[in-house]
>>> print(open('run.cif').read())   # mmCIF, C-alpha atoms and all ligand atoms
data_run
loop_
_atom_site.label_atom_id
_atom_site.label_comp_id
_atom_site.auth_asym_id
_atom_site.auth_seq_id
_atom_site.Cartn_x
_atom_site.Cartn_y
_atom_site.Cartn_z
CA MET A 10 154.26 107.36 336.66
CA ASN A 11 156.29 107.70 333.46
CA THR A 12 158.58 105.24 331.68
CA ASP A 13 161.78 106.77 333.10
CA GLU A 14 160.49 106.42 336.63
CA VAL A 15 159.64 102.76 336.02
CA LYS A 16 163.09 102.27 334.56
CA SER A 17 164.75 103.73 337.61
CA LEU A 18 162.77 101.45 339.98
CA ASP A 19 163.52 98.50 337.70
CA SER A 20 167.27 99.07 337.88
CA LYS A 21 167.20 99.66 341.62
CA TYR A 22 165.02 96.74 342.70
CA LEU A 23 164.92 94.08 339.98
CA PHE A 24 167.49 91.53 338.81
CA GLN A 25 168.89 92.88 335.58
CA ASN A 26 168.52 89.55 333.79
CA TYR A 27 166.42 90.81 330.85
CA GLY A 28 167.57 93.01 328.00
CA ARG A 29 164.44 95.15 328.09
CA GLN A 30 163.35 97.67 325.45
CA ASN A 31 162.56 101.10 326.85
CA LEU A 32 158.80 100.65 326.56
CA CYS A 33 156.22 100.26 329.29
CA PHE A 34 152.57 99.39 328.72
CA GLU A 35 149.58 100.38 330.77
CA ARG A 36 146.83 98.37 329.08
CA GLY A 37 145.80 96.46 326.00
CA GLU A 38 142.74 95.78 323.89
CA ALA A 39 142.49 93.22 321.07
CA GLU A 40 145.88 93.36 319.24
CA PHE A 41 146.69 96.84 320.54
CA LEU A 42 148.86 97.93 323.44
CA TYR A 43 148.87 101.40 325.02
CA ASP A 44 151.97 102.75 326.75
CA LEU A 45 152.10 104.92 329.86
CA ASP A 46 151.61 108.04 327.72
CA GLY A 47 148.56 106.51 326.02
CA LYS A 48 150.40 105.90 322.73
CA LYS A 49 148.86 103.01 320.75
CA TYR A 50 150.90 100.14 319.28
CA ILE A 51 150.01 97.17 317.07
CA ASP A 52 151.45 94.17 318.89
CA LEU A 53 152.77 91.41 316.60
CA VAL A 54 154.63 89.77 319.49
CA ALA A 55 151.70 88.88 321.76
CA GLY A 56 153.85 88.43 324.87
CA ILE A 57 155.94 85.93 322.84
CA ALA A 58 153.07 83.86 321.47
CA VAL A 59 151.07 84.00 324.70
CA ASN A 60 148.15 86.38 324.12
CA ALA A 61 146.45 84.38 321.37
CA LEU A 62 143.08 86.04 322.08
CA GLY A 63 144.67 89.48 322.31
CA TYR A 64 144.27 91.77 325.31
CA ALA A 65 141.24 92.19 327.56
CA HIS A 66 139.21 89.62 325.61
CA PRO A 67 135.68 89.89 327.06
CA ASP A 68 135.29 86.12 327.53
CA LEU A 69 138.56 85.92 329.44
CA VAL A 70 137.77 89.00 331.50
CA ASN A 71 134.36 87.56 332.46
CA ALA A 72 135.83 84.16 333.28
CA ILE A 73 138.50 85.77 335.51
CA CYS A 74 135.92 87.89 337.35
CA GLU A 75 133.53 85.00 337.90
CA GLN A 76 136.18 82.49 338.93
CA SER A 77 138.00 84.92 341.23
CA ARG A 78 134.77 85.39 343.19
CA LYS A 79 134.55 81.60 343.65
CA LEU A 80 138.01 80.00 343.93
CA MET A 81 141.46 80.96 342.68
CA HIS A 82 143.44 78.20 344.29
CA VAL A 83 142.65 74.94 345.98
CA SER A 84 145.06 72.13 346.67
CA ASN A 85 145.54 69.08 344.50
CA LEU A 86 144.74 67.19 347.70
CA TYR A 87 141.14 67.53 346.49
CA LEU A 88 139.21 66.97 343.28
CA VAL A 89 139.29 70.16 341.18
CA LYS A 90 136.21 70.58 338.99
CA GLU A 91 137.76 73.26 336.73
CA GLN A 92 140.83 71.04 336.15
CA ALA A 93 138.69 68.12 335.02
CA LEU A 94 136.66 70.36 332.69
CA ALA A 95 139.80 71.95 331.20
CA ALA A 96 141.35 68.54 330.59
CA GLU A 97 138.12 67.38 328.92
CA ALA A 98 138.18 70.45 326.66
CA LEU A 99 141.82 69.85 325.79
CA ALA A 100 141.18 66.18 325.02
CA SER A 101 138.42 67.24 322.59
CA VAL A 102 141.04 68.86 320.33
CA CYS A 103 143.79 66.22 320.72
CA PRO A 104 144.35 63.38 318.25
CA ASP A 105 143.88 59.76 319.37
CA PRO A 106 145.13 58.29 321.68
CA ILE A 107 146.10 61.51 323.49
CA SER A 108 143.53 62.32 326.15
CA LYS A 109 145.22 62.75 329.54
CA THR A 110 146.64 65.98 330.97
CA LEU A 111 148.87 66.99 333.84
CA PHE A 112 148.60 70.74 334.46
CA VAL A 113 151.68 72.70 335.54
CA ASN A 114 152.64 76.39 335.58
CA SER A 115 155.02 77.06 332.70
CA GLY A 116 156.62 75.67 329.58
CA ALA A 117 159.79 74.62 331.36
CA GLU A 118 157.76 72.77 333.98
CA ALA A 119 155.72 71.04 331.30
CA ASN A 120 158.96 69.81 329.72
CA GLU A 121 160.31 68.72 333.10
CA ALA A 122 157.18 66.64 333.61
CA ALA A 123 157.41 65.15 330.11
CA LEU A 124 161.06 64.17 330.61
CA LYS A 125 160.47 62.61 334.03
CA LEU A 126 157.48 60.75 332.62
CA ALA A 127 159.51 59.39 329.69
CA VAL A 128 162.37 58.28 331.94
CA LYS A 129 160.01 56.52 334.32
CA HIS A 130 157.89 54.98 331.57
CA THR A 131 160.80 53.55 329.59
CA ASN A 132 163.09 52.91 332.54
CA ARG A 133 165.86 54.53 330.48
CA SER A 134 167.72 57.78 331.03
CA ARG A 135 169.05 59.16 327.74
CA ILE A 136 167.28 61.98 325.92
CA VAL A 137 167.94 63.16 322.37
CA THR A 138 167.21 66.80 321.50
CA ALA A 139 168.30 69.21 318.77
CA LYS A 140 171.01 71.79 318.52
CA ASN A 141 169.61 75.34 318.39
CA SER A 142 166.50 74.19 320.30
CA PHE A 143 164.85 75.97 323.22
CA HIS A 144 162.98 74.09 325.94
CA GLY A 145 163.20 76.35 329.00
CA ARG A 146 165.53 77.46 331.80
CA THR A 147 165.12 74.95 334.61
CA ALA A 148 167.88 72.36 335.09
CA ALA A 149 166.40 69.62 332.89
CA SER A 150 164.78 71.90 330.31
CA LEU A 151 168.00 73.92 330.00
CA SER A 152 169.95 70.67 329.60
CA ALA A 153 167.53 69.82 326.79
CA THR A 154 168.12 73.22 325.19
CA GLY A 155 170.80 72.69 322.57
CA GLN A 156 172.25 76.21 322.62
CA PRO A 157 175.53 76.94 324.44
CA LYS A 158 174.59 80.63 324.80
CA TYR A 159 171.85 79.66 327.28
CA GLN A 160 173.88 76.92 329.03
CA ASN A 161 177.26 78.65 329.45
CA GLY A 162 178.15 79.16 333.09
CA PHE A 163 175.56 76.67 334.30
CA THR A 164 177.06 73.39 333.08
CA PRO A 165 177.27 70.45 333.56
CA LEU A 166 173.54 70.58 334.45
CA LEU A 167 172.20 67.16 333.42
CA SER A 168 174.46 67.00 330.37
CA HIS A 169 175.26 63.32 330.95
CA ALA A 170 171.68 62.48 329.98
CA PHE A 171 171.35 64.59 326.82
CA GLU A 172 172.58 64.19 323.24
CA TYR A 173 172.11 66.88 320.61
CA ILE A 174 171.65 66.27 316.92
CA GLU A 175 171.43 68.70 314.04
CA TYR A 176 167.77 69.75 313.76
CA GLY A 177 166.14 68.12 310.75
CA ASN A 178 168.98 65.66 310.13
CA VAL A 179 167.41 62.19 309.82
CA GLU A 180 170.74 60.40 309.45
CA GLU A 181 172.12 61.90 312.68
CA LEU A 182 168.94 61.00 314.50
CA LYS A 183 169.20 57.40 313.27
CA LYS A 184 172.79 57.18 314.46
CA THR A 185 172.04 58.68 317.89
CA VAL A 186 168.86 56.95 319.04
CA ASN A 187 169.41 53.48 320.48
CA SER A 188 167.94 51.05 322.96
CA GLU A 189 169.03 53.30 325.86
CA THR A 190 167.09 56.29 324.58
CA ALA A 191 164.11 57.22 326.73
CA ALA A 192 162.86 59.97 324.46
CA VAL A 193 163.44 62.25 321.52
CA LEU A 194 162.31 65.81 322.30
CA MET A 195 161.74 68.23 319.41
CA GLU A 196 159.99 71.49 318.61
CA PRO A 197 157.85 71.32 315.44
CA ILE A 198 159.20 74.77 314.56
CA GLN A 199 162.23 76.05 316.42
CA GLY A 200 160.89 79.31 317.81
CA GLU A 201 163.65 81.05 319.76
CA GLY A 202 166.13 79.41 317.37
CA GLY A 203 164.84 81.40 314.38
CA VAL A 204 161.40 80.12 313.29
CA ILE A 205 162.80 77.00 311.61
CA PRO A 206 160.25 74.31 310.69
CA ALA A 207 161.40 70.72 311.31
CA GLY A 208 159.75 69.45 308.14
CA LYS A 209 157.40 66.53 307.60
CA GLU A 210 160.12 64.10 306.55
CA PHE A 211 162.10 64.69 309.75
CA PHE A 212 159.08 64.40 312.03
CA LYS A 213 157.88 61.22 310.33
CA ALA A 214 161.38 59.74 310.57
CA ALA A 215 161.59 60.72 314.26
CA ARG A 216 158.28 58.94 314.90
CA ASP A 217 159.51 55.78 313.12
CA ILE A 218 162.93 55.77 314.78
CA CYS A 219 161.34 56.15 318.23
CA ASP A 220 159.00 53.25 317.45
CA ASP A 221 161.91 51.09 316.25
CA TYR A 222 163.78 51.54 319.54
CA GLY A 223 160.88 51.77 321.99
CA ALA A 224 161.71 55.41 322.77
CA LEU A 225 159.02 58.05 323.30
CA PHE A 226 158.57 60.95 320.91
CA ILE A 227 157.95 64.16 322.88
CA VAL A 228 156.95 67.29 321.00
CA ASP A 229 157.44 70.67 322.63
CA GLU A 230 154.33 72.66 321.65
CA VAL A 231 154.93 75.38 324.22
CA GLN A 232 155.24 78.05 321.52
CA THR A 233 153.56 76.33 318.57
CA GLY A 234 150.47 74.98 320.36
CA MET A 235 146.89 76.28 320.54
CA GLY A 236 146.35 77.26 316.92
CA ARG A 237 149.54 79.24 316.46
CA THR A 238 150.62 77.32 313.32
CA GLY A 239 147.17 77.08 311.70
CA LYS A 240 146.47 73.73 313.40
CA TRP A 241 145.68 73.13 317.03
CA PHE A 242 149.20 71.72 317.44
CA GLY A 243 152.30 72.16 315.31
CA PHE A 244 152.89 68.43 314.82
CA GLU A 245 149.59 68.22 312.91
CA ASN A 246 151.33 70.01 310.03
CA TYR A 247 153.45 66.87 309.66
CA ASP A 248 150.72 64.19 310.06
CA VAL A 249 152.50 62.69 313.05
CA VAL A 250 151.14 61.97 316.54
CA PRO A 251 153.72 62.12 319.34
CA ASP A 252 153.60 60.07 322.54
CA ILE A 253 153.71 63.15 324.76
CA PHE A 254 153.47 66.86 324.05
CA THR A 255 153.83 69.97 326.16
CA LEU A 256 151.90 73.24 326.17
CA ALA A 257 152.08 76.62 327.94
CA LYS A 258 152.18 80.17 326.53
CA ALA A 259 148.76 80.55 324.80
CA LEU A 260 147.11 77.77 326.81
CA GLY A 261 145.72 80.19 329.43
CA GLY A 262 145.33 83.16 327.09
CA GLY A 263 147.83 85.19 329.15
CA PHE A 264 147.38 83.52 332.52
CA PRO A 265 150.40 81.34 333.41
CA ILE A 266 149.59 77.67 333.00
CA GLY A 267 151.29 74.74 331.26
CA ALA A 268 150.40 71.16 330.49
CA CYS A 269 151.96 67.81 329.73
CA VAL A 270 149.61 65.77 327.55
CA THR A 271 149.76 62.08 326.67
CA SER A 272 147.87 58.80 326.21
CA PRO A 273 146.12 57.01 329.09
CA GLU A 274 148.66 54.19 328.84
CA ILE A 275 151.68 56.47 329.33
CA ALA A 276 149.95 58.71 331.90
CA GLU A 277 149.34 55.60 334.00
CA THR A 278 153.08 55.47 334.74
CA LEU A 279 152.88 58.31 337.26
CA LYS A 280 151.28 57.04 340.43
CA PRO A 281 150.10 59.24 343.32
CA GLY A 282 153.03 61.10 344.87
CA MET A 283 155.47 60.62 342.00
CA HIS A 284 155.10 64.14 340.59
CA GLY A 285 153.15 67.25 341.42
CA THR A 286 153.04 71.01 341.93
CA THR A 287 151.24 73.26 344.41
CA PHE A 288 149.84 75.72 341.88
CA GLY A 289 149.55 73.36 338.90
CA GLY A 290 145.99 73.10 337.64
CA ASN A 291 144.53 75.79 339.92
CA PRO A 292 140.86 76.62 339.25
CA MET A 293 141.66 80.07 337.84
CA GLY A 294 144.17 78.85 335.23
CA CYS A 295 142.00 75.88 334.30
CA THR A 296 138.86 77.99 333.84
CA LEU A 297 140.88 80.11 331.43
CA VAL A 298 142.15 77.06 329.52
CA LYS A 299 138.57 75.97 328.93
CA THR A 300 137.58 79.51 327.96
CA VAL A 301 140.47 79.79 325.48
CA ILE A 302 139.52 76.48 323.84
CA ASP A 303 135.80 77.34 323.73
CA VAL A 304 136.48 80.77 322.19
CA MET A 305 138.96 79.35 319.69
CA LYS A 306 136.37 76.78 318.57
CA ARG A 307 133.46 79.24 318.50
CA ASP A 308 135.37 81.96 316.63
CA LYS A 309 137.23 79.49 314.38
CA LEU A 310 140.59 80.98 315.36
CA VAL A 311 142.62 77.98 314.24
CA GLU A 312 141.20 78.41 310.73
CA ARG A 313 141.81 82.15 311.01
CA SER A 314 145.44 81.50 311.94
CA SER A 315 145.86 79.27 308.90
CA ASP A 316 144.05 81.47 306.35
CA ALA A 317 145.25 84.89 307.49
CA GLY A 318 148.75 83.51 308.11
CA SER A 319 149.12 82.09 304.56
CA LYS A 320 147.90 85.30 302.97
CA TRP A 321 150.18 87.41 305.17
CA MET A 322 153.14 85.17 304.35
CA ALA A 323 152.53 85.63 300.59
CA ASP A 324 152.21 89.42 301.04
CA LEU A 325 155.41 89.63 303.10
CA LYS A 326 157.34 87.56 300.57
CA LYS A 327 156.17 89.86 297.80
CA ALA A 328 156.96 92.99 299.79
CA SER A 329 160.48 91.90 300.77
CA SER A 330 161.56 89.37 298.11
CA SER A 331 163.01 87.48 301.11
CA GLU A 332 162.52 84.09 302.65
CA VAL A 333 159.49 84.02 304.96
CA ARG A 334 159.07 80.70 306.76
CA GLY A 335 156.74 79.09 309.25
CA PHE A 336 153.05 78.20 309.36
CA GLY A 337 149.88 80.05 310.25
CA MET A 338 150.54 82.99 312.56
CA MET A 339 154.11 81.96 313.35
CA LEU A 340 156.28 83.49 310.67
CA GLY A 341 159.96 84.32 310.44
CA MET A 342 161.42 86.81 307.98
CA VAL A 343 164.97 85.88 307.11
CA ILE A 344 166.58 89.20 306.26
CA GLU A 345 170.01 90.68 306.77
CA ASP A 346 168.98 93.63 308.92
CA GLY A 347 166.34 92.24 311.27
CA ARG A 348 167.06 94.87 313.92
CA GLY A 349 166.70 97.59 311.27
CA LEU A 350 163.26 96.32 310.30
CA GLN A 351 162.28 96.07 313.97
CA ALA A 352 163.28 99.73 314.45
CA ALA A 353 161.41 100.79 311.29
CA ALA A 354 158.28 99.04 312.60
CA LEU A 355 158.62 100.68 316.01
CA GLU A 356 158.78 104.09 314.34
CA ARG A 357 155.26 103.34 313.10
CA ASN A 358 154.20 101.99 316.51
CA ILE A 359 154.32 98.31 315.51
CA LEU A 360 156.02 95.76 317.77
CA VAL A 361 157.89 92.80 316.28
CA ASN A 362 160.51 90.51 317.81
CA VAL A 363 163.97 89.52 316.60
CA CYS A 364 164.94 85.95 317.52
CA GLY A 365 167.78 83.52 316.75
CA GLY A 366 169.86 84.28 313.67
CA GLY A 367 168.46 87.82 313.52
CA VAL A 368 165.19 86.49 312.11
CA VAL A 369 162.18 88.80 312.52
CA ARG A 370 159.60 86.69 314.33
CA LEU A 371 155.91 87.46 313.81
CA ILE A 372 153.62 85.85 316.38
CA PRO A 373 150.61 88.16 316.72
CA PRO A 374 147.38 87.46 318.58
CA LEU A 375 145.27 85.12 316.42
CA ILE A 376 142.46 87.69 316.47
CA THR A 377 144.64 90.33 314.77
CA SER A 378 142.72 92.15 312.01
CA ASP A 379 143.76 92.07 308.35
CA GLU A 380 144.26 95.81 308.61
CA SER A 381 146.86 95.50 311.38
CA LEU A 382 148.69 92.70 309.52
CA SER A 383 148.76 94.89 306.39
CA SER A 384 150.16 97.82 308.38
CA PHE A 385 153.30 95.79 308.96
CA THR A 386 153.41 94.62 305.32
CA LYS A 387 153.46 98.31 304.38
CA VAL A 388 156.44 98.88 306.72
CA VAL A 389 158.21 95.99 304.96
CA GLU A 390 157.43 97.41 301.52
CA ASP A 391 158.90 100.77 302.50
CA PHE A 392 161.93 99.16 304.18
CA PHE A 393 163.01 97.24 301.05
C1 LIG B 401 159.48 75.86 322.61
C2 LIG B 401 159.58 76.36 324.01
N1 LIG B 401 159.67 75.48 325.02
C3 LIG B 401 159.74 75.86 326.30
C4 LIG B 401 159.78 77.20 326.63
C5 LIG B 401 159.88 77.62 328.07
O1 LIG B 401 158.65 78.10 328.51
P1 LIG B 401 158.58 78.97 329.86
O2 LIG B 401 159.30 80.23 329.59
O3 LIG B 401 157.11 79.14 330.10
O4 LIG B 401 159.22 78.16 330.93
C6 LIG B 401 159.70 78.16 325.62
C7 LIG B 401 159.74 79.61 325.95
O5 LIG B 401 160.00 80.44 325.13
C8 LIG B 401 159.60 77.73 324.27
O6 LIG B 401 159.54 78.60 323.27
#
>>> encode(input="run.cif", output="structure tokens")
Amino acid sequence: MNTDEVKSLDSKYLFQNYGRQNLCFERGEAEFLYDLDGKKYIDLVAGIAVNALGYAHPDLVNAICEQSRKLMHVSNLYLVKEQALAAEALASVCPDPISKTLFVNSGAEANEAALKLAVKHTNRSRIVTAKNSFHGRTAASLSATGQPKYQNGFTPLLSHAFEYIEYGNVEELKKTVNSETAAVLMEPIQGEGGVIPAGKEFFKAARDICDDYGALFIVDEVQTGMGRTGKWFGFENYDVVPDIFTLAKALGGGFPIGACVTSPEIAETLKPGMHGTTFGGNPMGCTLVKTVIDVMKRDKLVERSSDAGSKWMADLKKASSSEVRGFGMMLGMVIEDGRGLQAAALERNILVNVCGGGVVRLIPPLITSDESLSSFTKVVEDFF
């Protein structure tokens, strides 16, 4: 089958709700993708920050084969060994007092769970989020998303419950949070919005303001979690511990799984029957969560993200004389012609993504070699 044939089936049988590039991949290995004609690409997108261990990682492949022979799905009506082991592994990399996990299937679902938990725990209903944020596409997560372009045509959603402040604006946050606020929900770096870091001062202020009013501080780590920013979680760049945080994307190394993580005290709020999902925490996904964490520890991938990311950032700044922002392996190049740079990279078989504000977003697998990172730096040098 060739790309045109796939395209024709796509237009005939699939919802046309994605603006897809005319590329179709057959397989991947490490940070490389191969299209239907066998052409090789360096992938600096990683399935939008999902494939942190790259493609066909041997540990993940083995874990999938072994687990699929045993159990892929079993109901949450029963104890699930792999779920307990994955939660234990996750707790081992979480700061105190965070040690309890609810597994779900996606980032949006993780945020839904976090919001329901905060409302129930505080017995309040108002949520403060940021303009230009992105938290998902389900009713509550889309209500939390402070971007009209995603909400238009679907309002009022749950708009009565949400208030949006300017991201990073401490004064606005102070004015908006009050004794009716259940939670403040923020990304540590706005990803879809344009790779915009919140900043330490803002995160520390958010923590304090939440404490002052008895509101919960929820951090959306769906894109920034699992080593992406050079720390296990993005909030660690700001020396702040949230009450609840959410994960998905890289959590399963490419297998769809999400999580809502919190302290034992807050987790206690949800009693049997109050929340749940059929597929959430299935043995396959959970085995992969544990494998991802084990491999990341063994191969020191969080350190790799930090070290290689800082060096790459310095090289890209030098090559472009432009603003490059972010942490670790989550970088955004703020340039006028983002689409032009994306096209120049594609000409050399390198995939990059353009996100909010035309920013070129670089979110490669954490295992990406220095050589592949430098290949893109060379594209940048030639482009400027
Ligand atoms: C910060 C953030 N939160 C939530 C989501 C939604 O995750 P999902 O697409 O898995 O529902 C995304 C997806 O891009 C995201 O970047």
>>> residues_near_ligand(input="run.cif", ligand="ligand LIG 401 (chain B)", cutoff="8 Å", atoms="all atoms listed in the file", output="list of chain:residue names")
A:Ile57, A:Asn114, A:Ser115, A:Gly116, A:Ala117, A:Glu118, A:Ala119, A:Asn120, A:Ser142, A:Phe143, A:His144, A:Gly145, A:Arg146, A:Thr147, A:Ser150, A:Glu196, A:Gln199, A:Gly200, A:Glu201, A:Asp229, A:Glu230, A:Val231, A:Gln232, A:Thr233, A:Ala257, A:Lys258, A:Pro265, A:Gly267
>>> write_last_selection(input="run.cif", atoms="C-alpha atoms", output="mmCIF file, in the frame of the given file")
data_model
loop_
_atom_site.group_PDB
_atom_site.id
_atom_site.type_symbol
_atom_site.label_atom_id
_atom_site.label_comp_id
_atom_site.auth_asym_id
_atom_site.auth_seq_id
_atom_site.Cartn_x
_atom_site.Cartn_y
_atom_site.Cartn_z
ATOM 1 C CA ILE A 57 155.940 85.930 322.840
ATOM 2 C CA ASN A 114 152.640 76.390 335.580
ATOM 3 C CA SER A 115 155.020 77.060 332.700
ATOM 4 C CA GLY A 116 156.620 75.670 329.580
ATOM 5 C CA ALA A 117 159.790 74.620 331.360
ATOM 6 C CA GLU A 118 157.760 72.770 333.980
ATOM 7 C CA ALA A 119 155.720 71.040 331.300
ATOM 8 C CA ASN A 120 158.960 69.810 329.720
ATOM 9 C CA SER A 142 166.500 74.190 320.300
ATOM 10 C CA PHE A 143 164.850 75.970 323.220
ATOM 11 C CA HIS A 144 162.980 74.090 325.940
ATOM 12 C CA GLY A 145 163.200 76.350 329.000
ATOM 13 C CA ARG A 146 165.530 77.460 331.800
ATOM 14 C CA THR A 147 165.120 74.950 334.610
ATOM 15 C CA SER A 150 164.780 71.900 330.310
ATOM 16 C CA GLU A 196 159.990 71.490 318.610
ATOM 17 C CA GLN A 199 162.230 76.050 316.420
ATOM 18 C CA GLY A 200 160.890 79.310 317.810
ATOM 19 C CA GLU A 201 163.650 81.050 319.760
ATOM 20 C CA ASP A 229 157.440 70.670 322.630
ATOM 21 C CA GLU A 230 154.330 72.660 321.650
ATOM 22 C CA VAL A 231 154.930 75.380 324.220
ATOM 23 C CA GLN A 232 155.240 78.050 321.520
ATOM 24 C CA THR A 233 153.560 76.330 318.570
ATOM 25 C CA ALA A 257 152.080 76.620 327.940
ATOM 26 C CA LYS A 258 152.180 80.170 326.530
ATOM 27 C CA PRO A 265 150.400 81.340 333.410
ATOM 28 C CA GLY A 267 151.290 74.740 331.260
#
>>> residues_around(input="run.cif", residues="Gln156 (chain A)", least_positions_apart="3", cutoff="7 Å", atoms="all atoms listed in the file", output="PyMOL selection string")
chain A and resi 140-142+159-160
>>> atom_distance(input="run.cif", atom1="CA of Phe226 (chain A)", atom2="CA of Ala100 (chain A)")
18.6 Å
>>> residues_around(input="run.cif", residues="Ser84 (chain A)", least_positions_apart="5", cutoff="12 Å", atoms="only C-alpha atoms", output="PDB file with C-alpha atoms, keeping the file's coordinate frame")
ATOM      1  CA  VAL A  89     139.290  70.160 341.180  1.00  0.00           C
ATOM      2  CA  LYS A  90     136.210  70.580 338.990  1.00  0.00           C
ATOM      3  CA  GLN A  92     140.830  71.040 336.150  1.00  0.00           C
ATOM      4  CA  GLY A 285     153.150  67.250 341.420  1.00  0.00           C
ATOM      5  CA  THR A 286     153.040  71.010 341.930  1.00  0.00           C
ATOM      6  CA  THR A 287     151.240  73.260 344.410  1.00  0.00           C
ATOM      7  CA  PHE A 288     149.840  75.720 341.880  1.00  0.00           C
ATOM      8  CA  GLY A 289     149.550  73.360 338.900  1.00  0.00           C
ATOM      9  CA  GLY A 290     145.990  73.100 337.640  1.00  0.00           C
ATOM     10  CA  ASN A 291     144.530  75.790 339.920  1.00  0.00           C
ATOM     11  CA  PRO A 292     140.860  76.620 339.250  1.00  0.00           C
TER      12      PRO A 292
END
>>> closest_residue(input="run.cif", among="A:Ala65, A:Leu53, A:Val368, A:Val270", to="Ala96 (chain A)", atoms="all atoms listed in the file")
A:Val270
>>> closest_residue(input="run.cif", among="A:Ser134, A:Ser272, A:Ser20, A:Thr238", to="Pro251 (chain A)", atoms="only C-alpha atoms")
A:Ser272
>>> atom_distance(input="run.cif", atom1="CA of Ala170 (chain A)", atom2="CA of Glu189 (chain A)")
10.4 Å
>>> closest_residue(input="run.cif", among="A:Ala123, A:Leu279, A:Ile376, A:Leu166", to="Glu38 (chain A)", atoms="only C-alpha atoms")
A:Ile376
>>> atom_distance(input="run.cif", atom1="CA of Gly349 (chain A)", atom2="CA of Asp13 (chain A)")
24.2 Å
>>> closest_residue(input="run.cif", among="A:Leu94, A:Val361, A:Ala207, A:Ile218", to="Asn246 (chain A)", atoms="only C-alpha atoms")
A:Ala207
>>> residues_around(input="run.cif", residues="Cys219 (chain A)", least_positions_apart="5", cutoff="8 Å", atoms="all atoms listed in the file", output="ChimeraX atom specification")
/A:186,192-193,224-226
>>> closest_residue(input="run.cif", among="A:Ser314, A:Asn358, A:Thr296, A:Thr386", to="Val70 (chain A)", atoms="only C-alpha atoms")
A:Thr296
>>> residues_around(input="run.cif", residues="region 163-165 of chain A", least_positions_apart="3", cutoff="10 Å", atoms="all atoms listed in the file", output="PyMOL selection string")
chain A and resi 148+151-152+157+159-160+168-169
>>> residues_around(input="run.cif", residues="Glu180 (chain A)", least_positions_apart="4", cutoff="12 Å", atoms="all atoms listed in the file", output="mmCIF file with C-alpha atoms, in the frame of the given file")
data_model
loop_
_atom_site.group_PDB
_atom_site.id
_atom_site.type_symbol
_atom_site.label_atom_id
_atom_site.label_comp_id
_atom_site.auth_asym_id
_atom_site.auth_seq_id
_atom_site.Cartn_x
_atom_site.Cartn_y
_atom_site.Cartn_z
ATOM 1 C CA ILE A 174 171.650 66.270 316.920
ATOM 2 C CA GLU A 175 171.430 68.700 314.040
ATOM 3 C CA TYR A 176 167.770 69.750 313.760
ATOM 4 C CA LYS A 184 172.790 57.180 314.460
ATOM 5 C CA THR A 185 172.040 58.680 317.890
ATOM 6 C CA VAL A 186 168.860 56.950 319.040
ATOM 7 C CA GLU A 210 160.120 64.100 306.550
ATOM 8 C CA PHE A 211 162.100 64.690 309.750
ATOM 9 C CA ALA A 214 161.380 59.740 310.570
ATOM 10 C CA ALA A 215 161.590 60.720 314.260
ATOM 11 C CA ILE A 218 162.930 55.770 314.780
#
>>> closest_atom_pairs(input="run.cif", of="region 11-73 of chain A", to="region 323-342 of chain A", cutoff="12 Å", atoms="only C-alpha atoms", output="tab-separated table")
residue	atom	partner	partner_atom	distance
A:Leu53	CA	A:Met338	CA	9.6
A:Val54	CA	A:Met339	CA	9.9
A:Ala55	CA	A:Met338	CA	11.0
A:Ile57	CA	A:Met339	CA	10.4
A:Ala58	CA	A:Met339	CA	8.4
A:Val59	CA	A:Met339	CA	11.9
A:Ala61	CA	A:Met338	CA	9.8
>>> axis_aligned_box(input="run.cif", around="region 239-251 of chain A", padding_each_side="5 Å", output="lines of an AutoDock Vina configuration file")
center_x = 149.7
center_y = 69.5
center_z = 314.5
size_x = 18.0
size_y = 25.1
size_z = 19.7
>>> residues_near_point(input="run.cif", point="(143.9, 73.1, 317.2)", cutoff="10 Å", atoms="only C-alpha atoms", output="ChimeraX atom specification")
/A:99,101-104,234-243,245,302,305-306,309-312
>>> closest_residue(input="run.cif", among="A:Gly282, A:Gly294, A:Pro106, A:Gly155", to="Leu260 (chain A)", atoms="only C-alpha atoms")
A:Gly294
>>> residues_near_point(input="run.cif", point="(155.0, 100.1, 326.0)", cutoff="10 Å", atoms="only C-alpha atoms", output="ChimeraX atom specification")
/A:12,30-37,42-50,52,358,360
>>> decode(input="run.cif", residues="region 213-217 of chain A", atoms="N, CA, C and O atoms", output="compact mmCIF listing (two decimals), in the first residue's frame")
# COMPACT_ATOMS: atom_id res chain seq x y z
N LYS A 213 5.25 29.15 42.69
CA LYS A 213 5.34 29.27 44.15
C LYS A 213 4.15 30.09 44.67
O LYS A 213 3.54 29.75 45.69
N ALA A 214 3.82 31.16 43.95
CA ALA A 214 2.68 31.99 44.36
C ALA A 214 1.39 31.18 44.29
O ALA A 214 0.54 31.26 45.19
N ALA A 215 1.24 30.38 43.23
CA ALA A 215 0.02 29.56 43.08
C ALA A 215 -0.11 28.61 44.28
O ALA A 215 -1.20 28.43 44.83
N ARG A 216 1.02 28.01 44.66
CA ARG A 216 1.01 27.09 45.81
C ARG A 216 0.54 27.84 47.08
O ARG A 216 -0.34 27.37 47.81
N ASP A 217 1.11 29.02 47.30
CA ASP A 217 0.78 29.80 48.51
C ASP A 217 -0.68 30.25 48.49
O ASP A 217 -1.38 30.17 49.50
